[in-house]
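In what follows, a structure is listed as structure tokens, so that the remarks can point back to it.
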Amino acid sequence: MLAQFAKLSLQRTTLRANTASVQSIRLLSGNGNIVPPSQPINLGHLADNPGAVTERLRLGRGPGYGKGKTAGRGHKGQKARSGNGPPRPWFEGGQTPLVKRMPKRGFVNQHAKKYQPVNLERLQHWIQEGRLDTTSITMADLLDSRCIHKIEDGVKLLADGAEEFNVPVHIEVSRASQKAIQAIEKAGGSVTCRYYNALGLRVVTRPEKWGYRSLPKFAEPVKVKDKEWYSDPKNRGYLADPAAIEAAKAEAKAL
């Protein structure tokens, strides 16, 4: 009995030549007896299922294959030549292409900073939902709470929703608009704008990557424009004189 079941399992694993042969072979008869196959079984009968393997397209193998002689390239022309790939998308047969005939306008500043915008209405919504603590908010807190989804060159605070903003919050960002600063200070909070280079941003957002090593020092701004901006008390820069910042706050309240 065991020999019969072993023979049955061997037949079931090897008889996969094609659908017709599998259907024509009956391993069991109506009464349960084993019936020998109608054709011999050997390695020569093994084959993939129909449609499982596609024949590779073979070019230049004679006219009988259908892709001989010109190999599907047609007769002459630029696309029929050997070693000459398809032309560029803007190629127009040798004449001056449209992309060169059209004049260039403007430029892209390679040294421009890309700040992630955060509006006051979004900030207030995050605070009311309990996702942010109003005592001290940094760019790392904004990133961890998913208020922003990435930090490229820093975060800039904008004033959309300044009329309804009423949460006293102390926040530190890279840049902030004058209207956003006035709205936060009117609500009883404070804004500090601090300069960070690429390494400084990594230290602020992911300090755990340094492990047991000491954290690197934060770099100071190098460009003259950055030094002037972060030294201006109107911008609440961290390089500005604290007395000048308090005077600017008093002047803003008077207005």
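Residue numbering restarts at 1 in every chain; chains get A, B, ... in the order shown in the structure tokens, and ligands count up from 1 in that same order.
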Note to self: Neighbouring residues of Gln178 in chain A were defined as those with any atom within 10 Å, considering only C-alpha atoms; residues of the same chain fewer than 4 positions away were excluded. Please report them as a VMD selection string.
What the structure shows: chain A and resid 157 to 159 182 to 183 234 to 236
With C-alpha atoms retained, could you export that selection as an mmCIF file, in the first residue's frame?
data_model
loop_
_atom_site.group_PDB
_atom_site.id
_atom_site.type_symbol
_atom_site.label_atom_id
_atom_site.label_comp_id
_atom_site.auth_asym_id
_atom_site.auth_seq_id
_atom_site.Cartn_x
_atom_site.Cartn_y
_atom_site.Cartn_z
ATOM 1 C CA LEU A 157 6.805 81.458 11.111
ATOM 2 C CA LEU A 158 4.058 83.140 9.053
ATOM 3 C CA ALA A 159 1.017 85.143 10.095
ATOM 4 C CA GLN A 182 3.428 90.963 16.801
ATOM 5 C CA ALA A 183 0.568 88.448 17.074
ATOM 6 C CA LYS A 234 12.935 93.928 15.170
ATOM 7 C CA ASN A 235 13.509 90.386 13.923
ATOM 8 C CA ARG A 236 13.979 89.106 17.502
#
Note to self: From a backbone DSSP assignment, name each residue in range 4-165 of chain A labelled strand (DSSP E), as a list in words.
What the structure shows: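 For range 4-165 of chain A, the strand (DSSP E) set is Gln116, Pro117, Val118, Asn119, Val155, Lys156, Leu157 and Leu158 of chain A.
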Just-selected residues, N, CA and C atoms written as a short mmCIF file (atom, residue, chain, number, x, y, z; two decimals), in the first residue's frame:
data_model
loop_
_atom_site.label_atom_id
_atom_site.label_comp_id
_atom_site.auth_asym_id
_atom_site.auth_seq_id
_atom_site.Cartn_x
_atom_site.Cartn_y
_atom_site.Cartn_z
N GLN A 116 10.73 75.92 5.81
CA GLN A 116 9.42 75.30 5.92
C GLN A 116 8.44 76.26 6.59
N PRO A 117 7.34 76.63 5.94
CA PRO A 117 6.42 77.61 6.52
C PRO A 117 5.52 76.97 7.58
N VAL A 118 5.29 77.72 8.65
CA VAL A 118 4.35 77.33 9.70
C VAL A 118 3.48 78.54 10.00
N ASN A 119 2.20 78.44 9.75
CA ASN A 119 1.28 79.54 10.00
C ASN A 119 0.74 79.46 11.43
N VAL A 155 12.90 76.74 9.63
CA VAL A 155 11.45 76.94 9.71
C VAL A 155 11.18 78.43 9.79
N LYS A 156 10.17 78.87 9.05
CA LYS A 156 9.77 80.27 9.06
C LYS A 156 8.34 80.38 9.56
N LEU A 157 8.12 81.25 10.52
CA LEU A 157 6.80 81.46 11.11
C LEU A 157 6.07 82.54 10.34
N LEU A 158 4.86 82.22 9.84
CA LEU A 158 4.06 83.14 9.05
C LEU A 158 2.78 83.48 9.80
#
For range 165-175 of chain A, work out the shell of residues within 6 Å, counting only C-alpha atoms and skipping chain neighbours fewer than 3 positions away, then give it as a compact mmCIF listing (two decimals) with N, CA, C and O atoms, in the first residue's frame.
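Final output, saved to result19.txt:
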# COMPACT_ATOMS: atom_id res chain seq x y z
N THR A 134 3.21 74.65 25.21
CA THR A 134 3.37 76.09 24.98
C THR A 134 4.54 76.68 25.74
O THR A 134 4.92 77.83 25.48
N THR A 135 5.13 75.97 26.69
CA THR A 135 6.23 76.55 27.47
C THR A 135 7.45 76.80 26.61
O THR A 135 8.10 77.84 26.73
N SER A 136 7.78 75.86 25.74
CA SER A 136 8.94 76.03 24.86
C SER A 136 8.77 75.13 23.64
O SER A 136 8.64 73.90 23.78
N ILE A 137 8.74 75.73 22.47
CA ILE A 137 8.57 75.00 21.22
C ILE A 137 9.80 75.25 20.36
O ILE A 137 10.16 76.40 20.09
N THR A 138 10.44 74.20 19.93
CA THR A 138 11.59 74.28 19.04
C THR A 138 11.23 73.65 17.69
O THR A 138 10.15 73.07 17.52
N GLY A 154 15.54 75.27 7.58
CA GLY A 154 14.99 75.88 8.77
C GLY A 154 13.48 76.02 8.68
O GLY A 154 12.84 75.47 7.77
N VAL A 155 12.90 76.74 9.63
CA VAL A 155 11.45 76.94 9.71
C VAL A 155 11.18 78.43 9.79
O VAL A 155 11.86 79.16 10.51
N LYS A 156 10.17 78.87 9.05
CA LYS A 156 9.77 80.27 9.06
C LYS A 156 8.34 80.38 9.56
O LYS A 156 7.45 79.68 9.07
N ALA A 162 -3.45 85.25 12.27
CA ALA A 162 -2.97 86.11 13.35
C ALA A 162 -4.12 86.78 14.10
O ALA A 162 -4.01 87.09 15.29
N ALA A 187 -0.33 88.05 22.31
CA ALA A 187 -0.97 86.99 23.08
C ALA A 187 -0.21 86.64 24.34
O ALA A 187 -0.65 85.78 25.11
N GLY A 188 0.94 87.28 24.57
CA GLY A 188 1.72 87.01 25.78
C GLY A 188 2.87 86.05 25.59
O GLY A 188 3.45 85.58 26.59
N GLY A 189 3.24 85.74 24.36
CA GLY A 189 4.35 84.83 24.11
C GLY A 189 5.60 85.54 23.66
O GLY A 189 5.72 86.78 23.78
N SER A 190 6.53 84.79 23.12
CA SER A 190 7.80 85.35 22.66
C SER A 190 8.31 84.54 21.49
O SER A 190 8.01 83.34 21.35
N VAL A 191 9.12 85.19 20.67
CA VAL A 191 9.71 84.57 19.48
C VAL A 191 11.21 84.81 19.50
O VAL A 191 11.65 85.93 19.77
N THR A 192 11.97 83.78 19.22
CA THR A 192 13.43 83.89 19.10
C THR A 192 13.83 83.30 17.76
O THR A 192 13.49 82.14 17.46
N CYS A 193 14.54 84.07 16.96
CA CYS A 193 15.02 83.60 15.66
C CYS A 193 16.50 83.28 15.80
O CYS A 193 17.31 84.14 16.18
N ARG A 194 16.86 82.04 15.49
CA ARG A 194 18.23 81.57 15.66
C ARG A 194 18.74 80.98 14.36
O ARG A 194 17.99 80.32 13.62
N TYR A 195 20.01 81.22 14.10
CA TYR A 195 20.65 80.72 12.88
C TYR A 195 21.19 79.31 13.12
O TYR A 195 21.81 79.03 14.15
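Close contacts of Ile245 in chain A, defined as residues with an atom at most 9 Å away when counting only C-alpha atoms, with chain neighbours fewer than 2 positions off set aside, comprise A:Asp232, A:Pro233, A:Lys234, A:Asn235, A:Arg236, A:Gly237, A:Ala240, A:Asp241, A:Pro242, A:Ala243, A:Ala247, A:Ala248, A:Lys249, A:Ala250.
As for CA of Glu121 in chain A and CA of Pro207 in chain A, they are spaced 28.9 Å apart.
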